[in-house]
Amino acid sequence: MRGLGAALGGSLVDLVLPRTCAGCGVPGPALCRRCTAALAAPREATPRRPPPGLPPTVAAGAYAGPVRPAVAAFKEHGRAELAGPLGAALALAVGVHAVLLPGRPVLLVPVPPSRAALRARGRDCVRELAAVAVADLRAAGVDAGCARLLTRAGRVRDSAGLSVAQRRANLAGSFAVRPGTLPAGALLVVVDDVVTSGATLTEAADALRATRLEDDTPVLAAVVAATPRPGSGGRSPGGSRQAPRGAPPRRLDRLSGPRDSD
């Protein structure tokens, strides 16, 4: 009965407020097939001037075209149903690391929101995406989990209008690792929605690296989308063009990228 009530409630909402694709605005699912395809080509995320210490980062797509309004709709306009397709895209990006460094458990570490962002949105968006990504990775046979290892330490100002160096200085020391023992041997993958300058991922990775042994696995990163470099064309983690959209490698054949969201 509860499921029937939810279905009826959703149908009534669709009658009053018809759903549209958050990427292109056409009537239909939260993210249409054409827009989800923009998040199904994993690539190496390399900012124009990457900060020293930026962890190896994979993005499911470019932060351009329909991806920009889709991410904004999820984060700023309360379209929580987009956690499905965006989280699936994040799983695809994390899955590249799992293939390149096989045989180890994968632990997703969400970048925690600032206090201001948490107050404004009322939810931890990156954590929602990480939860979906973990479920998709496990369904594909990857030993994956999620751990809130990072906390915010101190205050940072709005990064809008700041240069890369100013962003890094603004974020310096802004993350701390929660008390406890980090799992040895696990692949730690810092996850976020978008990477622009790389400053946030670098600071988060630095905080985790400070607690790791020298011979432990490297700290990696994965995001839904990366701001494209002018003329870069988007490159795969191996340095070639975007990964082909044929059969995904090895255990990730069930990670086909984001699906149409209901």
# chains A, B, ... in the order shown; residues from 1 in each chain; ligands from 1

call {"tool": "closest_atom_pairs", "arguments": {"of": "segment 94-151 of chain A", "to": "segment 203-220 of chain A", "cutoff": "8 Å", "atoms": "only C-alpha atoms", "output": "JSON lines"}}
result
{"residue": "A:His97", "atom": "CA", "partner": "A:Leu220", "partner_atom": "CA", "distance": 7.8}
{"residue": "A:Val111", "atom": "CA", "partner": "A:Ala204", "partner_atom": "CA", "distance": 7.1}
{"residue": "A:Leu150", "atom": "CA", "partner": "A:Ala204", "partner_atom": "CA", "distance": 7.5}

call {"tool": "residues_around", "arguments": {"residues": "Val223 of chain A", "least_positions_apart": "2", "cutoff": "8 Å", "atoms": "only C-alpha atoms", "output": "list in words"}}
result
Thr57, Val58, Ala59, Ala60, Leu90, Ala93, Val191, Asp192, Asp193, Val194, Val195, Ala221, Ala225 and Ala226 of chain A

call {"tool": "atom_distance", "arguments": {"atom1": "atom CA of Thr36 of chain A", "atom2": "atom CA of Val190 of chain A"}}
result
22.8 Å

call {"tool": "closest_residue", "arguments": {"among": "A:Ala199, A:Val177, A:Ala117, A:Leu187", "to": "Arg49 of chain A", "atoms": "only C-alpha atoms"}}
result
A:Ala199

call {"tool": "closest_residue", "arguments": {"among": "A:Val26, A:Arg121, A:Val106, A:Gly53", "to": "Leu137 of chain A", "atoms": "only C-alpha atoms"}}
result
A:Val106

call {"tool": "closest_residue", "arguments": {"among": "A:Arg148, A:Arg19, A:Arg138, A:Arg79", "to": "Pro113 of chain A", "atoms": "only C-alpha atoms"}}
result
A:Arg148

call {"tool": "atom_distance", "arguments": {"atom1": "atom CA of Leu54 of chain A", "atom2": "atom CA of Ser197 of chain A"}}
result
9.7 Å
